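Asker: Dropping in protein35.txt, with compact mmCIF, C-alpha atoms.
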```
# COMPACT_ATOMS: atom_id res chain seq x y z
CA MET A 229 15.34 -6.85 55.01
CA ARG A 230 16.41 -4.75 57.95
CA ARG A 231 19.44 -3.53 56.02
CA LEU A 232 17.24 -2.55 53.09
CA THR A 233 14.84 -0.68 55.35
CA GLY A 234 17.76 1.11 56.98
CA SER A 235 19.28 2.21 53.66
CA VAL A 236 15.88 3.37 52.38
CA LEU A 237 15.40 5.35 55.57
CA VAL A 238 18.83 7.00 55.25
CA ALA A 239 18.17 7.81 51.60
CA ALA A 240 14.76 9.26 52.46
CA VAL A 241 16.28 11.47 55.18
CA ALA A 242 19.02 12.65 52.82
CA VAL A 243 16.55 13.48 50.05
CA SER A 244 14.10 15.25 52.36
CA LEU A 245 16.84 17.35 53.98
CA ALA A 246 18.31 18.33 50.63
CA GLY A 247 15.61 20.99 50.25
CA CYS A 248 16.76 22.68 53.45
CA GLY A 249 20.16 23.60 52.05
CA GLU A 250 20.98 27.30 51.73
CA HIS A 251 22.57 28.66 48.64
CA GLU A 252 24.11 32.06 48.07
CA ARG A 253 21.46 34.07 46.23
CA VAL A 254 23.18 37.45 46.19
CA VAL A 255 24.33 38.53 42.77
CA VAL A 256 28.00 39.27 42.84
CA TYR A 257 28.65 42.29 40.67
CA LYS A 258 31.78 42.29 38.59
CA GLN A 259 33.03 45.62 37.32
CA GLY A 260 33.32 45.54 33.57
CA GLN A 261 36.27 46.80 31.63
CA TYR A 262 36.09 49.74 29.28
CA GLN A 263 35.43 48.41 25.81
CA GLY A 264 35.81 51.58 23.76
CA LYS A 265 38.62 53.33 22.01
CA PRO A 266 41.67 54.52 23.98
CA ASP A 267 41.80 58.25 24.66
CA THR A 268 44.74 60.53 24.15
CA LYS A 269 46.25 62.44 27.05
CA PRO A 270 45.39 66.13 27.27
CA TRP A 271 49.03 67.07 26.83
CA ASP A 272 49.42 64.99 23.66
CA ASN A 273 48.77 67.79 21.19
CA GLU A 274 50.49 70.60 19.37
CA SER A 275 50.14 73.08 22.23
CA PHE A 276 51.98 71.01 24.82
CA ALA A 277 53.83 68.55 22.58
CA GLY A 278 53.59 65.78 25.15
CA ASP A 279 55.00 67.92 27.96
CA ARG A 280 52.93 66.79 30.92
CA ALA A 281 54.69 69.05 33.42
CA GLN A 282 53.91 72.12 31.35
CA TRP A 283 50.27 71.10 31.05
CA GLU A 284 49.98 70.55 34.78
CA ALA A 285 51.58 73.92 35.49
CA THR A 286 49.15 75.62 33.11
CA ILE A 287 46.15 73.95 34.73
CA LYS A 288 47.45 74.81 38.18
CA ALA A 289 47.72 78.49 37.27
CA ARG A 290 44.30 78.35 35.71
CA ASN A 291 42.89 76.82 38.90
CA GLN A 292 44.20 79.68 40.96
CA SER A 293 42.63 82.26 38.67
CA GLN A 294 39.28 81.18 40.13
CA ASN A 295 40.30 82.42 43.56
CA GLU A 296 39.25 86.05 43.60
CA TYR A 297 40.87 86.70 46.99
CA ARG A 298 44.18 85.86 45.41
CA ARG A 299 43.41 87.85 42.28
CA ILE A 300 42.46 90.96 44.22
CA ASN A 301 45.40 90.79 46.59
CA GLY A 302 47.84 90.21 43.80
CA MET B 1311 47.98 64.40 39.30
CA ALA B 1312 44.97 66.61 39.43
CA ARG B 1313 41.62 65.12 40.35
CA MET B 1314 39.06 67.19 38.52
CA LYS B 1315 35.82 68.14 40.27
CA PHE B 1316 33.09 70.75 40.21
CA ILE B 1317 31.81 72.56 43.26
CA CYS B 1318 28.89 74.99 43.31
CA ASP B 1319 28.57 77.52 46.10
CA ALA B 1320 24.82 77.86 46.71
CA GLU B 1321 25.42 81.10 48.66
CA ARG B 1322 26.79 82.73 45.53
CA CYS B 1323 24.78 81.29 42.66
CA ILE B 1324 22.40 83.96 41.35
CA GLU B 1325 20.65 81.71 38.83
CA CYS B 1326 21.89 83.71 35.86
CA ASN B 1327 22.24 80.55 33.75
CA GLY B 1328 25.49 81.89 32.30
CA CYS B 1329 27.09 78.47 32.81
CA VAL B 1330 24.26 76.74 30.93
CA THR B 1331 24.48 79.17 28.02
CA ALA B 1332 28.25 79.04 27.85
CA CYS B 1333 28.21 75.24 27.81
CA LYS B 1334 25.61 75.02 25.08
CA ASN B 1335 27.44 77.53 22.94
CA GLU B 1336 30.92 76.17 23.49
CA HIS B 1337 30.05 72.59 22.56
CA GLU B 1338 27.23 73.34 20.13
CA VAL B 1339 25.00 71.05 22.14
CA PRO B 1340 21.89 70.01 20.18
CA TRP B 1341 18.41 71.24 20.92
CA GLY B 1342 16.81 69.44 23.85
CA VAL B 1343 20.09 68.47 25.48
CA ASN B 1344 21.34 70.31 28.53
CA ARG B 1345 24.68 69.17 29.80
CA ARG B 1346 24.36 71.67 32.62
CA ARG B 1347 21.38 73.32 34.24
CA VAL B 1348 20.59 75.48 37.24
CA VAL B 1349 18.29 74.04 39.88
CA THR B 1350 16.53 76.37 42.30
CA ILE B 1351 15.09 75.20 45.59
CA ASN B 1352 12.26 77.17 47.20
CA ASP B 1353 12.02 79.38 44.14
CA GLY B 1354 10.46 82.73 44.96
CA VAL B 1355 10.64 82.19 48.70
CA PRO B 1356 13.06 84.35 50.71
CA GLY B 1357 16.19 82.32 51.26
CA GLU B 1358 15.90 80.41 47.99
CA ARG B 1359 19.01 78.66 46.83
CA SER B 1360 20.22 77.91 43.32
CA MET B 1361 22.82 75.45 42.22
CA SER B 1362 24.39 74.65 38.90
CA VAL B 1363 24.27 70.90 38.24
CA ALA B 1364 25.94 68.70 35.63
CA CYS B 1365 27.92 65.49 35.65
CA MET B 1366 29.85 65.47 38.91
CA HIS B 1367 32.48 63.05 37.57
CA CYS B 1368 31.94 60.71 40.50
CA SER B 1369 34.87 58.77 41.87
CA ASP B 1370 32.68 55.65 41.95
CA ALA B 1371 30.36 56.50 39.09
CA PRO B 1372 27.05 54.61 39.02
CA CYS B 1373 26.66 55.23 35.28
CA MET B 1374 29.90 53.37 34.77
CA ALA B 1375 28.68 50.50 36.93
CA VAL B 1376 25.38 49.93 35.14
CA CYS B 1377 26.45 50.44 31.52
CA PRO B 1378 25.78 47.14 29.74
CA VAL B 1379 28.30 47.83 26.98
CA ASP B 1380 30.99 49.31 29.26
CA CYS B 1381 31.41 52.46 27.23
CA PHE B 1382 32.48 54.62 30.21
CA TYR B 1383 36.01 55.27 31.33
CA ARG B 1384 37.73 57.56 33.78
CA THR B 1385 40.76 59.53 32.73
CA ASP B 1386 43.84 59.92 34.90
CA GLU B 1387 42.52 63.35 35.83
CA GLY B 1388 39.33 61.80 37.24
CA VAL B 1389 37.04 62.89 34.41
CA VAL B 1390 34.30 60.38 33.55
CA LEU B 1391 33.90 60.12 29.79
CA HIS B 1392 32.25 57.71 27.39
CA ASP B 1393 32.65 56.37 23.89
CA LYS B 1394 29.68 57.37 21.76
CA ASP B 1395 30.59 54.83 19.10
CA LEU B 1396 29.87 52.13 21.66
CA CYS B 1397 26.86 53.66 23.43
CA ILE B 1398 23.56 51.96 22.55
CA GLY B 1399 21.36 54.66 24.11
CA CYS B 1400 19.69 52.25 26.53
CA GLY B 1401 19.25 54.91 29.21
CA TYR B 1402 20.46 52.82 32.17
CA CYS B 1403 22.99 55.48 33.04
CA PHE B 1404 20.20 58.06 33.23
CA TYR B 1405 18.34 55.98 35.81
CA ALA B 1406 21.51 55.31 37.77
CA CYS B 1407 22.77 58.91 37.87
CA PRO B 1408 21.64 60.82 41.00
CA PHE B 1409 22.19 64.15 39.21
CA GLY B 1410 20.29 63.46 35.99
CA ALA B 1411 23.43 64.21 34.04
CA PRO B 1412 23.08 61.81 31.07
CA GLN B 1413 21.05 63.38 28.29
CA PHE B 1414 19.56 61.75 25.23
CA PRO B 1415 18.96 63.66 22.03
CA GLN B 1416 15.90 62.78 20.02
CA ALA B 1417 17.14 60.96 16.95
CA GLY B 1418 14.87 60.67 13.95
CA ALA B 1419 11.28 61.62 13.29
CA PHE B 1420 9.83 59.04 15.67
CA GLY B 1421 11.56 60.32 18.78
CA LEU B 1422 14.07 57.50 18.99
CA ARG B 1423 16.55 57.90 21.79
CA GLY B 1424 19.97 58.81 20.48
CA LYS B 1425 23.34 58.15 21.99
CA MET B 1426 23.93 59.51 25.45
CA ASP B 1427 25.45 62.97 25.81
CA LYS B 1428 26.75 64.50 29.00
CA CYS B 1429 29.19 66.98 30.46
CA THR B 1430 32.74 66.06 29.51
CA PHE B 1431 34.43 68.51 31.89
CA CYS B 1432 35.43 70.13 28.59
CA ALA B 1433 37.77 67.19 28.05
CA GLY B 1434 36.38 65.90 24.75
CA GLY B 1435 36.28 62.15 24.32
CA PRO B 1436 38.14 59.17 22.91
CA GLU B 1437 39.10 60.82 19.66
CA LYS B 1438 42.22 62.68 18.64
CA ASN B 1439 42.56 65.86 20.68
CA ALA B 1440 41.06 68.91 19.00
CA SER B 1441 39.98 66.87 15.99
CA GLU B 1442 36.80 67.52 14.06
CA ASP B 1443 35.40 64.13 15.13
CA GLU B 1444 35.99 64.94 18.76
CA PHE B 1445 34.21 68.27 18.49
CA ARG B 1446 31.27 66.78 16.59
CA LYS B 1447 30.73 63.97 19.09
CA TYR B 1448 31.82 65.43 22.40
CA GLY B 1449 32.40 69.13 22.00
CA ARG B 1450 35.49 71.21 22.49
CA ASN B 1451 38.46 69.84 24.40
CA ARG B 1452 39.48 72.80 26.55
CA LEU B 1453 41.49 70.68 28.94
CA ALA B 1454 43.86 69.82 26.09
CA GLU B 1455 44.22 73.56 25.50
CA GLY B 1456 45.31 74.02 29.11
CA LYS B 1457 42.00 75.55 30.08
CA LEU B 1458 39.31 74.60 32.59
CA PRO B 1459 35.60 74.03 31.89
CA LEU B 1460 34.03 77.15 30.45
CA CYS B 1461 30.97 77.01 32.73
CA ALA B 1462 33.21 77.51 35.76
CA GLU B 1463 35.51 80.03 34.14
CA VAL B 1464 32.63 82.14 32.89
CA CYS B 1465 30.75 82.18 36.21
CA SER B 1466 30.37 85.82 37.15
CA THR B 1467 30.05 85.31 40.90
CA LYS B 1468 32.51 82.42 40.94
CA ALA B 1469 29.81 80.28 42.49
CA LEU B 1470 30.75 77.44 40.19
CA LEU B 1471 34.33 76.31 40.50
CA GLY B 1472 35.90 73.59 38.39
CA GLY B 1473 39.35 72.10 38.49
CA ASP B 1474 41.70 70.24 40.78
CA ALA B 1475 39.68 69.14 43.82
CA ASP B 1476 42.41 70.04 46.30
CA VAL B 1477 42.71 73.58 44.97
CA LEU B 1478 38.94 74.01 44.89
CA ALA B 1479 38.70 72.84 48.48
CA ASP B 1480 41.32 75.43 49.49
CA ILE B 1481 39.49 78.21 47.64
CA TYR B 1482 36.16 77.23 49.15
CA ARG B 1483 37.62 76.93 52.65
CA GLN B 1484 39.16 80.40 52.45
CA ARG B 1485 35.89 81.77 51.14
CA VAL B 1486 33.79 80.25 53.90
CA THR B 1487 36.09 81.34 56.68
CA THR B 1488 36.28 84.86 55.25
CA ARG B 1489 32.58 85.44 54.81
CA GLY B 1490 31.48 83.96 58.12
CA LYS B 1491 28.09 82.41 58.62
CA GLY B 1492 24.46 83.15 59.25
CA ALA B 1493 23.49 86.82 58.86
CA ASP B 1494 27.12 87.76 58.12
CA ILE B 1495 26.92 86.15 54.68
CA TRP B 1496 24.53 88.64 53.14
CA GLY B 1497 23.00 91.98 53.87
CA TRP B 1498 23.98 95.63 53.82
CA SER B 1499 27.03 95.36 56.05
CA THR B 1500 28.53 92.56 54.05
CA ALA B 1501 27.91 94.28 50.73
CA TYR B 1502 29.02 97.79 51.70
CA GLY B 1503 31.02 97.28 54.86
CA LYS B 1504 30.32 98.28 58.37
CA PRO B 1505 30.40 102.08 58.93
CA ASP B 1506 33.27 103.32 61.13
CA ALA B 1507 31.17 106.09 62.56
CA PRO B 1508 27.45 106.02 63.27
CA ALA B 1509 25.38 107.28 60.39
CA ARG B 1510 24.58 111.00 60.42
CA GLN B 1511 21.12 111.65 61.73
CA PRO B 1512 18.82 113.78 59.56
CA ASP B 1513 18.33 117.33 60.73
CA ALA B 1514 15.38 117.93 62.95
CA GLY B 1515 12.61 119.86 61.32
CA GLY B 1516 11.89 117.74 58.30
CA LYS B 1517 13.26 117.97 54.80
CA SER B 1518 16.01 120.39 53.98
```
Would you give me this structure, written as structure tokens?

Answerer:
Amino acid sequence: MRRLTGSVLVAAVAVSLAGCGEHERVVVYKQGQYQGKPDTKPWDNESFAGDRAQWEATIKARNQSQNEYRRING
Amino acid sequence: MARMKFICDAERCIECNGCVTACKNEHEVPWGVNRRRVVTINDGVPGERSMSVACMHCSDAPCMAVCPVDCFYRTDEGVVLHDKDLCIGCGYCFYACPFGAPQFPQAGAFGLRGKMDKCTFCAGGPEKNASEDEFRKYGRNRLAEGKLPLCAEVCSTKALLGGDADVLADIYRQRVTTRGKGADIWGWSTAYGKPDAPARQPDAGGKS
């Protein structure tokens, strides 16, 4: 009888304390992957014929044309 | 590898809307959609400032994070683009974007929201470079032509700069250190230079 009472008591304590447990409630965001079509590189066309170095050089020169101090001073 | 960015110098922007017009014309952007616009703060008050705003091609783009169909991607040059064939026009990206860059054309007679449209940094989209499909969906691909965004290249005061972030930072740094600060930035002396000799005083005795 005593053993039964003891086990009931232990079970009751376990059940009543179960509600006190803490669970992680923060949503963990997972970055999705791009699902669309692959894009072509800007140098993959007739103008640059896949020459990345030439494209980068052209863009670099173009960048500098926005600097009017450089343009004025030569 | 270049990391493409825009920067707008509020000290130089004169609110001419040349960038807005150039963008609309270059890409044949539909009515009601503005990929770029000029925002003015304290309009009409002395000291007002204007700034040209479009997609800033964020390094950690919130539009990309919230898109439920994952139609956004970032190119190796740092340009944030999206696939219109995948876009469902939900508008989440519009709410997420701090710049209000995503635009939605009205599709159909009942004002249905169409697929999202935004600044592409003149880099087209996921179609063959310079193809008709690319132009129809995303506009002209100037980057593939070795050119920079037209809005920046057309800017008359060079307030809006677009291109490799490192180069832009160098240009802006040189500009800021050259023009000084405070009252040195604008005014007669800055525009016409400081006179070497004191200005000639008018003759005594009134008008000559």

Asker: List as a PDB file with C-alpha atoms, keeping the file's coordinate frame the residues having at least one atom at most 10 Å from position (40.6, 74.8, 29.2) as given in the file, counting all atoms listed in the file.

Answerer:
```pdb
ATOM      1  CA  THR A 286      49.150  75.620  33.110  1.00  0.00           C
ATOM      2  CA  ILE A 287      46.150  73.950  34.730  1.00  0.00           C
ATOM      3  CA  ARG A 290      44.300  78.350  35.710  1.00  0.00           C
TER       4      ARG A 290
ATOM      5  CA  PHE B1431      34.430  68.510  31.890  1.00  0.00           C
ATOM      6  CA  CYS B1432      35.430  70.130  28.590  1.00  0.00           C
ATOM      7  CA  ALA B1433      37.770  67.190  28.050  1.00  0.00           C
ATOM      8  CA  ARG B1450      35.490  71.210  22.490  1.00  0.00           C
ATOM      9  CA  ASN B1451      38.460  69.840  24.400  1.00  0.00           C
ATOM     10  CA  ARG B1452      39.480  72.800  26.550  1.00  0.00           C
ATOM     11  CA  LEU B1453      41.490  70.680  28.940  1.00  0.00           C
ATOM     12  CA  ALA B1454      43.860  69.820  26.090  1.00  0.00           C
ATOM     13  CA  GLU B1455      44.220  73.560  25.500  1.00  0.00           C
ATOM     14  CA  GLY B1456      45.310  74.020  29.110  1.00  0.00           C
ATOM     15  CA  LYS B1457      42.000  75.550  30.080  1.00  0.00           C
ATOM     16  CA  LEU B1458      39.310  74.600  32.590  1.00  0.00           C
ATOM     17  CA  PRO B1459      35.600  74.030  31.890  1.00  0.00           C
ATOM     18  CA  LEU B1460      34.030  77.150  30.450  1.00  0.00           C
ATOM     19  CA  GLU B1463      35.510  80.030  34.140  1.00  0.00           C
ATOM     20  CA  GLY B1473      39.350  72.100  38.490  1.00  0.00           C
TER      21      GLY B1473
END
```

Asker: Rounded to one decimal, what separation in Å do you get between atom CA of Asn1439 of chain B and atom CA of Ala1462 of chain B?

Answerer: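 Result for atom CA of Asn1439 of chain B versus atom CA of Ala1462 of chain B: 21.2 Å, one decimal.
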
Asker: Do you have the atom CA of Ile1317 of chain B-atom CA of Leu1471 of chain B distance handy?

Answerer: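 Answer for the atom CA of Ile1317 of chain B to atom CA of Leu1471 of chain B separation: 5.3 Å.
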
Asker: Would you kindly report the residues of chain B within 10 Å of chain A, using all atoms listed in the file, as a PyMOL selection string?

Answerer: chain B and resi 1311-1312+1374-1387+1391-1397+1433-1440+1451-1458+1462-1465+1467-1475+1477-1478+1480-1482+1484-1485+1488

Asker: Write a file of the just-selected residues containing C-alpha atoms, as a PDB file, in the coordinates of the input.

Answerer:
```pdb
ATOM      1  CA  MET B1311      47.980  64.400  39.300  1.00  0.00           C
ATOM      2  CA  ALA B1312      44.970  66.610  39.430  1.00  0.00           C
ATOM      3  CA  MET B1374      29.900  53.370  34.770  1.00  0.00           C
ATOM      4  CA  ALA B1375      28.680  50.500  36.930  1.00  0.00           C
ATOM      5  CA  VAL B1376      25.380  49.930  35.140  1.00  0.00           C
ATOM      6  CA  CYS B1377      26.450  50.440  31.520  1.00  0.00           C
ATOM      7  CA  PRO B1378      25.780  47.140  29.740  1.00  0.00           C
ATOM      8  CA  VAL B1379      28.300  47.830  26.980  1.00  0.00           C
ATOM      9  CA  ASP B1380      30.990  49.310  29.260  1.00  0.00           C
ATOM     10  CA  CYS B1381      31.410  52.460  27.230  1.00  0.00           C
ATOM     11  CA  PHE B1382      32.480  54.620  30.210  1.00  0.00           C
ATOM     12  CA  TYR B1383      36.010  55.270  31.330  1.00  0.00           C
ATOM     13  CA  ARG B1384      37.730  57.560  33.780  1.00  0.00           C
ATOM     14  CA  THR B1385      40.760  59.530  32.730  1.00  0.00           C
ATOM     15  CA  ASP B1386      43.840  59.920  34.900  1.00  0.00           C
ATOM     16  CA  GLU B1387      42.520  63.350  35.830  1.00  0.00           C
ATOM     17  CA  LEU B1391      33.900  60.120  29.790  1.00  0.00           C
ATOM     18  CA  HIS B1392      32.250  57.710  27.390  1.00  0.00           C
ATOM     19  CA  ASP B1393      32.650  56.370  23.890  1.00  0.00           C
ATOM     20  CA  LYS B1394      29.680  57.370  21.760  1.00  0.00           C
ATOM     21  CA  ASP B1395      30.590  54.830  19.100  1.00  0.00           C
ATOM     22  CA  LEU B1396      29.870  52.130  21.660  1.00  0.00           C
ATOM     23  CA  CYS B1397      26.860  53.660  23.430  1.00  0.00           C
ATOM     24  CA  ALA B1433      37.770  67.190  28.050  1.00  0.00           C
ATOM     25  CA  GLY B1434      36.380  65.900  24.750  1.00  0.00           C
ATOM     26  CA  GLY B1435      36.280  62.150  24.320  1.00  0.00           C
ATOM     27  CA  PRO B1436      38.140  59.170  22.910  1.00  0.00           C
ATOM     28  CA  GLU B1437      39.100  60.820  19.660  1.00  0.00           C
ATOM     29  CA  LYS B1438      42.220  62.680  18.640  1.00  0.00           C
ATOM     30  CA  ASN B1439      42.560  65.860  20.680  1.00  0.00           C
ATOM     31  CA  ALA B1440      41.060  68.910  19.000  1.00  0.00           C
ATOM     32  CA  ASN B1451      38.460  69.840  24.400  1.00  0.00           C
ATOM     33  CA  ARG B1452      39.480  72.800  26.550  1.00  0.00           C
ATOM     34  CA  LEU B1453      41.490  70.680  28.940  1.00  0.00           C
ATOM     35  CA  ALA B1454      43.860  69.820  26.090  1.00  0.00           C
ATOM     36  CA  GLU B1455      44.220  73.560  25.500  1.00  0.00           C
ATOM     37  CA  GLY B1456      45.310  74.020  29.110  1.00  0.00           C
ATOM     38  CA  LYS B1457      42.000  75.550  30.080  1.00  0.00           C
ATOM     39  CA  LEU B1458      39.310  74.600  32.590  1.00  0.00           C
ATOM     40  CA  ALA B1462      33.210  77.510  35.760  1.00  0.00           C
ATOM     41  CA  GLU B1463      35.510  80.030  34.140  1.00  0.00           C
ATOM     42  CA  VAL B1464      32.630  82.140  32.890  1.00  0.00           C
ATOM     43  CA  CYS B1465      30.750  82.180  36.210  1.00  0.00           C
ATOM     44  CA  THR B1467      30.050  85.310  40.900  1.00  0.00           C
ATOM     45  CA  LYS B1468      32.510  82.420  40.940  1.00  0.00           C
ATOM     46  CA  ALA B1469      29.810  80.280  42.490  1.00  0.00           C
ATOM     47  CA  LEU B1470      30.750  77.440  40.190  1.00  0.00           C
ATOM     48  CA  LEU B1471      34.330  76.310  40.500  1.00  0.00           C
ATOM     49  CA  GLY B1472      35.900  73.590  38.390  1.00  0.00           C
ATOM     50  CA  GLY B1473      39.350  72.100  38.490  1.00  0.00           C
ATOM     51  CA  ASP B1474      41.700  70.240  40.780  1.00  0.00           C
ATOM     52  CA  ALA B1475      39.680  69.140  43.820  1.00  0.00           C
ATOM     53  CA  VAL B1477      42.710  73.580  44.970  1.00  0.00           C
ATOM     54  CA  LEU B1478      38.940  74.010  44.890  1.00  0.00           C
ATOM     55  CA  ASP B1480      41.320  75.430  49.490  1.00  0.00           C
ATOM     56  CA  ILE B1481      39.490  78.210  47.640  1.00  0.00           C
ATOM     57  CA  TYR B1482      36.160  77.230  49.150  1.00  0.00           C
ATOM     58  CA  GLN B1484      39.160  80.400  52.450  1.00  0.00           C
ATOM     59  CA  ARG B1485      35.890  81.770  51.140  1.00  0.00           C
ATOM     60  CA  THR B1488      36.280  84.860  55.250  1.00  0.00           C
TER      61      THR B1488
END
```

Asker: Just checking: using only C-alpha atoms, which residue out of B:Lys1428, B:Val1343, B:Cys1461, B:Ile1351 ends up closest to Gly1328 of chain B?

Answerer: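 Residue with the minimum atom-to-atom distance to Gly1328 of chain B: B:Cys1461.
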
Asker: Between atom CA of Phe1414 of chain B and atom CA of Cys1329 of chain B, what is the distance, to one decimal in Å?

Answerer: 19.8 Å

Asker: Please report, as AutoDock Vina command-line options, the centre and edge lengths in Å to one decimal of an axis-aligned box covering all listed atoms of segment 1435-1451 of chain B with 3 Å per side.

Answerer:
```
--center_x 36.6 --center_y 65.2 --center_z 19.2 --size_x 17.8 --size_y 18.0 --size_z 16.3
```

Asker: For a quick check of your reading of the model, name the residues lying within 9 Å of the coordinate (24.2, 60.4, 42.7), counting all atoms listed in the file, and write them as an NGL selection string.

Answerer: :B and (1366 or 1368 or 1371-1372 or 1406-1410)

Asker: Using only C-alpha atoms, please write the residues we just selected to a file, as a PDB file, keeping the file's coordinate frame.

Answerer:
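The resulting file, out.pdb, is reproduced below:
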```pdb
ATOM      1  CA  MET B1366      29.850  65.470  38.910  1.00  0.00           C
ATOM      2  CA  CYS B1368      31.940  60.710  40.500  1.00  0.00           C
ATOM      3  CA  ALA B1371      30.360  56.500  39.090  1.00  0.00           C
ATOM      4  CA  PRO B1372      27.050  54.610  39.020  1.00  0.00           C
ATOM      5  CA  ALA B1406      21.510  55.310  37.770  1.00  0.00           C
ATOM      6  CA  CYS B1407      22.770  58.910  37.870  1.00  0.00           C
ATOM      7  CA  PRO B1408      21.640  60.820  41.000  1.00  0.00           C
ATOM      8  CA  PHE B1409      22.190  64.150  39.210  1.00  0.00           C
ATOM      9  CA  GLY B1410      20.290  63.460  35.990  1.00  0.00           C
TER      10      GLY B1410
END
```
